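Dropping query.cif in here (mmCIF, C-alpha atoms):
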```cif
data_input
#
loop_
_atom_site.group_PDB
_atom_site.id
_atom_site.type_symbol
_atom_site.label_atom_id
_atom_site.label_comp_id
_atom_site.auth_asym_id
_atom_site.auth_seq_id
_atom_site.Cartn_x
_atom_site.Cartn_y
_atom_site.Cartn_z
ATOM 1 C CA MET A 1 36.256 -23.982 -25.635
ATOM 2 C CA VAL A 2 37.161 -23.156 -22.041
ATOM 3 C CA LYS A 3 37.136 -26.074 -19.592
ATOM 4 C CA HIS A 4 35.278 -25.185 -16.419
ATOM 5 C CA MET A 5 36.279 -26.149 -12.908
ATOM 6 C CA TYR A 6 32.640 -25.583 -11.907
ATOM 7 C CA ASP A 7 30.118 -26.355 -14.652
ATOM 8 C CA PHE A 8 27.046 -25.283 -12.683
ATOM 9 C CA ILE A 9 25.769 -24.531 -9.198
ATOM 10 C CA ARG A 10 22.368 -25.690 -8.027
ATOM 11 C CA GLY A 11 21.040 -24.375 -4.741
ATOM 12 C CA LYS A 12 18.654 -22.120 -2.886
ATOM 13 C CA LEU A 13 18.342 -18.530 -4.067
ATOM 14 C CA ILE A 14 19.215 -16.333 -1.076
ATOM 15 C CA GLU A 15 19.510 -12.925 -2.746
ATOM 16 C CA ALA A 16 18.819 -11.573 -6.240
ATOM 17 C CA ALA A 17 20.148 -8.135 -7.222
ATOM 18 C CA PRO A 18 20.212 -6.584 -10.720
ATOM 19 C CA THR A 19 23.832 -7.665 -11.315
ATOM 20 C CA TYR A 20 24.395 -10.653 -9.021
ATOM 21 C CA VAL A 21 22.763 -13.469 -7.099
ATOM 22 C CA VAL A 22 23.684 -15.362 -3.942
ATOM 23 C CA ILE A 23 22.994 -19.099 -3.966
ATOM 24 C CA GLU A 24 23.341 -21.392 -0.956
ATOM 25 C CA ALA A 25 24.562 -24.875 -1.889
ATOM 26 C CA ALA A 26 25.618 -27.428 0.733
ATOM 27 C CA GLY A 27 25.827 -24.733 3.397
ATOM 28 C CA VAL A 28 28.047 -22.411 1.335
ATOM 29 C CA GLY A 29 26.847 -19.059 -0.039
ATOM 30 C CA TYR A 30 28.097 -18.436 -3.571
ATOM 31 C CA LYS A 31 27.971 -14.938 -5.050
ATOM 32 C CA LEU A 32 27.667 -15.066 -8.835
ATOM 33 C CA PHE A 33 27.707 -11.989 -11.036
ATOM 34 C CA THR A 34 25.083 -12.156 -13.776
ATOM 35 C CA PRO A 35 23.822 -10.278 -16.845
ATOM 36 C CA ALA A 36 21.509 -7.391 -15.892
ATOM 37 C CA ASN A 37 18.162 -8.524 -14.497
ATOM 38 C CA LEU A 38 18.915 -12.170 -15.217
ATOM 39 C CA LEU A 39 16.000 -13.407 -13.126
ATOM 40 C CA GLY A 40 13.525 -10.537 -13.402
ATOM 41 C CA SER A 41 10.875 -11.144 -10.772
ATOM 42 C CA ARG A 42 10.315 -14.821 -11.591
ATOM 43 C CA GLU A 43 12.335 -16.633 -8.989
ATOM 44 C CA ALA A 44 11.483 -15.973 -5.364
ATOM 45 C CA GLN A 45 14.025 -16.109 -2.587
ATOM 46 C CA GLY A 46 14.245 -19.584 -1.132
ATOM 47 C CA GLU A 47 13.492 -21.342 -4.437
ATOM 48 C CA GLU A 48 15.984 -23.766 -5.965
ATOM 49 C CA ILE A 49 17.851 -22.486 -8.999
ATOM 50 C CA LEU A 50 20.563 -23.803 -11.320
ATOM 51 C CA LEU A 51 23.103 -21.487 -12.935
ATOM 52 C CA TYR A 52 25.875 -22.436 -15.367
ATOM 53 C CA THR A 53 29.105 -20.910 -14.176
ATOM 54 C CA SER A 54 32.289 -19.343 -15.434
ATOM 55 C CA TRP A 55 35.131 -18.891 -12.943
ATOM 56 C CA VAL A 56 37.388 -15.972 -13.868
ATOM 57 C CA VAL A 57 40.749 -15.835 -12.087
ATOM 58 C CA ARG A 58 42.722 -12.601 -12.102
ATOM 59 C CA GLU A 59 45.866 -11.616 -10.217
ATOM 60 C CA LEU A 60 43.916 -10.021 -7.354
ATOM 61 C CA SER A 61 40.510 -11.707 -7.641
ATOM 62 C CA GLN A 62 38.598 -14.914 -8.281
ATOM 63 C CA THR A 63 35.026 -14.305 -9.452
ATOM 64 C CA LEU A 64 32.104 -16.555 -10.360
ATOM 65 C CA TYR A 65 29.665 -15.592 -13.118
ATOM 66 C CA GLY A 66 26.284 -17.264 -13.551
ATOM 67 C CA PHE A 67 23.936 -17.854 -16.505
ATOM 68 C CA LEU A 68 20.554 -19.530 -16.933
ATOM 69 C CA GLU A 69 21.641 -21.313 -20.118
ATOM 70 C CA ARG A 70 24.851 -23.146 -20.981
ATOM 71 C CA GLN A 71 24.997 -21.362 -24.366
ATOM 72 C CA GLU A 72 25.060 -17.963 -22.633
ATOM 73 C CA ARG A 73 27.922 -19.118 -20.408
ATOM 74 C CA ASN A 74 29.852 -20.453 -23.397
ATOM 75 C CA LEU A 75 29.356 -17.195 -25.285
ATOM 76 C CA PHE A 76 30.571 -15.264 -22.222
ATOM 77 C CA ASP A 77 33.794 -17.306 -22.415
ATOM 78 C CA VAL A 78 34.148 -16.544 -26.137
ATOM 79 C CA LEU A 79 33.662 -12.826 -25.481
ATOM 80 C CA LEU A 80 36.368 -12.899 -22.789
ATOM 81 C CA SER A 81 38.795 -14.296 -25.352
ATOM 82 C CA VAL A 82 38.447 -11.090 -27.407
ATOM 83 C CA THR A 83 41.232 -8.570 -26.817
ATOM 84 C CA GLY A 84 40.131 -5.739 -24.532
ATOM 85 C CA ILE A 85 36.824 -7.353 -23.485
ATOM 86 C CA GLY A 86 36.596 -8.059 -19.773
ATOM 87 C CA PRO A 87 33.832 -9.641 -17.698
ATOM 88 C CA LYS A 88 31.991 -6.342 -17.154
ATOM 89 C CA ILE A 89 31.628 -5.627 -20.889
ATOM 90 C CA ALA A 90 30.853 -9.281 -21.688
ATOM 91 C CA LEU A 91 28.014 -9.232 -19.117
ATOM 92 C CA ALA A 92 26.729 -5.939 -20.535
ATOM 93 C CA ILE A 93 26.587 -7.495 -24.019
ATOM 94 C CA LEU A 94 24.706 -10.568 -22.790
ATOM 95 C CA GLY A 95 22.359 -8.371 -20.760
ATOM 96 C CA SER A 96 21.534 -6.225 -23.797
ATOM 97 C CA LEU A 97 21.430 -8.632 -26.769
ATOM 98 C CA THR A 98 20.009 -12.109 -27.264
ATOM 99 C CA LEU A 99 22.288 -14.806 -28.685
ATOM 100 C CA ASP A 100 20.423 -14.599 -31.991
ATOM 101 C CA ASP A 101 20.782 -10.794 -32.088
ATOM 102 C CA LEU A 102 24.519 -11.017 -31.511
ATOM 103 C CA TYR A 103 24.953 -13.773 -34.102
ATOM 104 C CA HIS A 104 22.952 -11.700 -36.605
ATOM 105 C CA ALA A 105 25.105 -8.637 -35.848
ATOM 106 C CA ILE A 106 28.233 -10.676 -36.625
ATOM 107 C CA GLN A 107 26.790 -12.027 -39.874
ATOM 108 C CA THR A 108 25.628 -8.603 -41.090
ATOM 109 C CA ASP A 109 28.489 -6.520 -39.637
ATOM 110 C CA ASP A 110 25.930 -4.560 -37.600
ATOM 111 C CA PHE A 111 28.233 -2.610 -35.297
ATOM 112 C CA LEU A 112 25.432 -0.139 -34.468
ATOM 113 C CA SER A 113 23.560 -2.758 -32.404
ATOM 114 C CA LEU A 114 26.704 -3.509 -30.425
ATOM 115 C CA SER A 115 27.592 0.159 -29.973
ATOM 116 C CA LYS A 116 24.289 0.640 -28.096
ATOM 117 C CA VAL A 117 25.579 -1.631 -25.316
ATOM 118 C CA PRO A 118 26.751 0.430 -22.313
ATOM 119 C CA GLY A 119 30.549 0.715 -22.332
ATOM 120 C CA ILE A 120 30.989 -0.091 -26.038
ATOM 121 C CA GLY A 121 31.671 2.652 -28.544
ATOM 122 C CA LYS A 122 31.752 2.449 -32.337
ATOM 123 C CA LYS A 123 35.447 1.508 -32.572
ATOM 124 C CA THR A 124 35.179 -1.192 -29.912
ATOM 125 C CA ALA A 125 32.044 -2.582 -31.605
ATOM 126 C CA GLU A 126 33.804 -2.773 -34.972
ATOM 127 C CA ARG A 127 36.855 -4.504 -33.452
ATOM 128 C CA LEU A 128 34.644 -6.891 -31.479
ATOM 129 C CA LEU A 129 32.728 -7.935 -34.609
ATOM 130 C CA LEU A 130 35.981 -8.468 -36.498
ATOM 131 C CA GLU A 131 37.433 -10.694 -33.774
ATOM 132 C CA LEU A 132 34.191 -12.616 -33.256
ATOM 133 C CA ARG A 133 34.045 -13.309 -36.979
ATOM 134 C CA ARG A 134 37.511 -14.860 -36.704
ATOM 135 C CA LYS A 135 36.273 -16.989 -33.816
ATOM 136 C CA GLU A 136 33.059 -17.948 -35.604
ATOM 137 C CA GLY A 137 33.637 -21.679 -35.047
ATOM 138 C CA LEU A 138 33.792 -21.120 -31.289
ATOM 139 C CA PHE A 139 30.864 -18.746 -31.388
ATOM 140 C CA ALA A 140 28.717 -21.067 -33.503
ATOM 141 C CA SER A 141 29.152 -23.827 -30.916
ATOM 142 C CA SER A 142 27.748 -21.416 -28.324
ATOM 143 C CA GLN A 143 24.785 -20.422 -30.465
ATOM 144 C CA LYS A 144 21.360 -21.841 -29.754
ATOM 145 C CA SER A 145 18.833 -20.799 -32.334
ATOM 146 C CA TYR A 146 15.615 -19.244 -31.093
ATOM 147 C CA LYS A 147 13.661 -17.850 -34.002
ATOM 148 C CA PRO A 148 10.037 -17.311 -33.005
ATOM 149 C CA LYS A 149 7.402 -17.933 -35.658
ATOM 150 C CA GLY A 150 3.636 -17.558 -35.931
ATOM 151 C CA LYS A 151 1.808 -17.040 -32.664
ATOM 152 C CA VAL A 152 5.084 -17.182 -30.692
ATOM 153 C CA HIS A 153 6.396 -14.255 -32.738
ATOM 154 C CA ASP A 154 3.109 -12.390 -32.174
ATOM 155 C CA ALA A 155 3.265 -13.087 -28.432
ATOM 156 C CA LEU A 156 6.851 -11.832 -28.343
ATOM 157 C CA GLN A 157 5.831 -8.608 -30.060
ATOM 158 C CA ALA A 158 2.952 -8.175 -27.592
ATOM 159 C CA LEU A 159 5.328 -8.531 -24.624
ATOM 160 C CA LEU A 160 7.763 -6.040 -26.179
ATOM 161 C CA ASN A 161 4.869 -3.603 -26.648
ATOM 162 C CA LEU A 162 4.012 -4.046 -22.960
ATOM 163 C CA GLY A 163 7.497 -2.847 -22.016
ATOM 164 C CA TYR A 164 9.421 -6.130 -21.674
ATOM 165 C CA ASN A 165 12.966 -6.113 -23.006
ATOM 166 C CA GLN A 166 13.864 -8.730 -25.637
ATOM 167 C CA ILE A 167 15.655 -11.101 -23.262
ATOM 168 C CA SER A 168 12.976 -11.029 -20.534
ATOM 169 C CA ALA A 169 10.221 -11.515 -23.127
ATOM 170 C CA GLU A 170 11.947 -14.521 -24.704
ATOM 171 C CA LYS A 171 12.637 -16.144 -21.339
ATOM 172 C CA ALA A 172 9.030 -15.631 -20.203
ATOM 173 C CA LEU A 173 7.737 -17.148 -23.451
ATOM 174 C CA LYS A 174 10.054 -20.141 -23.228
ATOM 175 C CA LYS A 175 8.878 -20.831 -19.689
ATOM 176 C CA ALA A 176 5.221 -20.467 -20.722
ATOM 177 C CA MET A 177 5.638 -22.838 -23.670
ATOM 178 C CA GLU A 178 7.083 -25.523 -21.378
ATOM 179 C CA THR A 179 3.769 -25.733 -19.497
ATOM 180 C CA LEU A 180 1.216 -25.109 -22.267
ATOM 181 C CA PRO A 181 -0.112 -27.553 -24.868
ATOM 182 C CA GLU A 182 0.996 -26.777 -28.440
ATOM 183 C CA GLU A 183 -2.537 -25.932 -29.567
ATOM 184 C CA SER A 184 -2.878 -23.058 -27.054
ATOM 185 C CA ASP A 185 -4.089 -19.829 -28.639
ATOM 186 C CA LEU A 186 -2.259 -16.508 -28.706
ATOM 187 C CA SER A 187 -4.061 -14.911 -25.746
ATOM 188 C CA THR A 188 -3.403 -17.995 -23.570
ATOM 189 C CA LEU A 189 0.283 -17.896 -24.495
ATOM 190 C CA ILE A 190 0.560 -14.182 -23.665
ATOM 191 C CA SER A 191 -1.246 -14.648 -20.334
ATOM 192 C CA ALA A 192 1.009 -17.577 -19.381
ATOM 193 C CA ALA A 193 4.108 -15.564 -20.320
ATOM 194 C CA LEU A 194 2.984 -12.642 -18.166
ATOM 195 C CA GLN A 195 2.561 -15.001 -15.209
ATOM 196 C CA ALA A 196 5.881 -16.739 -15.908
ATOM 197 C CA ARG A 197 7.961 -13.650 -15.087
#
```

So, in terms of structure tokens, how does the structure I just supplied come out?
Amino acid sequence: MVKHMYDFIRGKLIEAAPTYVVIEAAGVGYKLFTPANLLGSREAQGEEILLYTSWVVRELSQTLYGFLERQERNLFDVLLSVTGIGPKIALAILGSLTLDDLYHAIQTDDFLSLSKVPGIGKKTAERLLLELRRKEGLFASSQKSYKPKGKVHDALQALLNLGYNQISAEKALKKAMETLPEESDLSTLISAALQAR
């Protein structure tokens, strides 16, 4: 696995755009590129936020990328190790598929799911799956299982029906479940998730 010069940045959210954020930490403003709509409308400017980082150095650039979860950052690094996959495509994949969806696509050779990601055609999807299968040990260490069951699954489906994308719905549910007692009913869980965005 890649060793990171910067493991994470914690600071005040100054700006949040669809593809990047600016965080002020110790008087320095850091611009981190992120998967599409990483934050949604949850975090307000001025709030403290922590993002796990990947620092990509190229001949003419040095760029920071930020992720809400360490597993997403680690998977980003694995994707960059695949021939022909750069940061832009890796971010597009993480912005379109959950970790579980991508892992399932690898296990079932589902190149159609990957080919729906902007910038990835059928041939690239097939090659990507082949290479990720070879790197399965690395990928598995990045994988964090999130398999909703029961009322959580029902709440997820309700959010998807309301127009949430998979990633936003899962993140909203996770945040809601952190604050609710386990015995909360389905409608309470959905309401909390809607407020958690």

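Residue nearest Leu194 (chain A), chosen from A:Ser168, A:Thr53, A:Gln45, A:Ser61 and counting only C-alpha atoms: A:Ser168.
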
Report task. Identify all residues satisfying the PyMOL selection byres ((chain A and resi 175) around 10) in the given file; provide them as a list in words. Result ->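 On this input, the PyMOL selection byres ((chain A and resi 175) around 10) captures Glu170, Lys171, Ala172, Leu173, Lys174, Ala176, Met177, Glu178, Thr179, Leu180, Ala192, Ala193, Gln195, Ala196 and Arg197 of chain A.
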
Output C-alpha atoms of each residue in that selection to a file, as a JSON list (two decimals), keeping the file's coordinate frame.
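Listed below is the output, result22.json:
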```json
[["chain", "number", "residue", "atom", "x", "y", "z"],
["A", 170, "GLU", "CA", 11.95, -14.52, -24.70],
["A", 171, "LYS", "CA", 12.64, -16.14, -21.34],
["A", 172, "ALA", "CA", 9.03, -15.63, -20.20],
["A", 173, "LEU", "CA", 7.74, -17.15, -23.45],
["A", 174, "LYS", "CA", 10.05, -20.14, -23.23],
["A", 176, "ALA", "CA", 5.22, -20.47, -20.72],
["A", 177, "MET", "CA", 5.64, -22.84, -23.67],
["A", 178, "GLU", "CA", 7.08, -25.52, -21.38],
["A", 179, "THR", "CA", 3.77, -25.73, -19.50],
["A", 180, "LEU", "CA", 1.22, -25.11, -22.27],
["A", 192, "ALA", "CA", 1.01, -17.58, -19.38],
["A", 193, "ALA", "CA", 4.11, -15.56, -20.32],
["A", 195, "GLN", "CA", 2.56, -15.00, -15.21],
["A", 196, "ALA", "CA", 5.88, -16.74, -15.91],
["A", 197, "ARG", "CA", 7.96, -13.65, -15.09]]
```

Query raised in the report: Hey, which of A:Ile14, A:Ile167, A:Ala26, A:Ile85 ends up closest to Leu68 (chain A)? Count all atoms listed in the file.
Result: A:Ile167

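What separates CA of Gln107 (chain A) from CA of Gln71 (chain A) is a distance of 18.2 Å.
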
Which residues of region 33-140 of chain A come within 7 Å of region 16-21 of chain A, and what is each one's closest atom pair and distance in Å (one decimal), counting only C-alpha atoms, sorted by chain and residue number, as a Markdown table?
```
| residue | atom | partner | partner_atom | distance |
| --- | --- | --- | --- | --- |
| A:Phe33 | CA | A:Tyr20 | CA | 4.1 |
| A:Thr34 | CA | A:Tyr20 | CA | 5.0 |
| A:Pro35 | CA | A:Thr19 | CA | 6.1 |
| A:Ala36 | CA | A:Thr19 | CA | 5.1 |
| A:Asn37 | CA | A:Pro18 | CA | 4.7 |
```

Emit the selected residues as a short mmCIF file (atom, residue, chain, number, x, y, z; two decimals), in the frame of the given file, including C-alpha atoms.
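Below you can see part.cif, which holds the result:
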```cif
data_model
loop_
_atom_site.label_atom_id
_atom_site.label_comp_id
_atom_site.auth_asym_id
_atom_site.auth_seq_id
_atom_site.Cartn_x
_atom_site.Cartn_y
_atom_site.Cartn_z
CA PHE A 33 27.71 -11.99 -11.04
CA THR A 34 25.08 -12.16 -13.78
CA PRO A 35 23.82 -10.28 -16.84
CA ALA A 36 21.51 -7.39 -15.89
CA ASN A 37 18.16 -8.52 -14.50
#
```

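Residues matched by the PyMOL selection byres ((chain A and resi 79) around 10) in this file: Arg73, Asn74, Leu75, Phe76, Asp77, Val78, Leu80, Ser81, Val82, Thr83, Gly84, Ile85, Gly86, Pro87, Ile89, Ala90, Leu91, Ile93, Leu94, Leu128, Glu131, Leu132, Lys135 and Phe139 of chain A.
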
Query raised in the report: Could you name the residues that touch Lys122 (chain A) at 8 Å or less, counting all atoms listed in the file, but leaving out those on the same chain fewer than 5 positions away, as a list in words?
Result: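 Residues near the query, excluding close chain neighbours: Phe111, Leu112 and Ser115 of chain A.
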
**Report entry** Result set of the PyMOL selection byres ((chain A and resi 25) around 8) on the coordinates above, as a ChimeraX atom specification
**Finding:** /A:9-12,23-24,26-30

**Report entry** Option closest in space to Arg133 (chain A), from A:His104, A:Lys31, A:Arg58, A:His153 [counting all atoms listed in the file]
**Finding:**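 That would be A:His104, the residue with the smallest distance to Arg133 (chain A).
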
Query raised in the report: Hey, can you check how far CA of Phe67 (chain A) sits from CA of Glu48 (chain A)?
Result: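 Going from CA of Phe67 (chain A) over to CA of Glu48 (chain A) covers 14.5 Å.
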
Query raised in the report: What does the distance from CA of Gln62 (chain A) to CA of Lys88 (chain A) come to in Å, to one decimal?
Result: 14.0 Å

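Shortest separation to Thr108 (chain A) among A:Ser96, A:Leu129, A:Lys123, A:Tyr65 occurs at residue A:Leu129, atoms counted being only C-alpha atoms.
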
**Report entry** Nearby residues (all atoms listed in the file) at most 10 Å from Asp185 (chain A), same-chain spacing under 5 positions excluded, as a PyMOL selection string
**Finding:** chain A and resi 151-152+155+180+190

Requested in this report: Identify which of the residues A:Leu160, A:Arg70, A:Leu130, A:Leu97 lies closest to Leu114 (chain A), counting all atoms listed in the file when measuring atom-to-atom distances.
Outcome: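 Closest to Leu114 (chain A), using all atoms listed in the file: A:Leu97.
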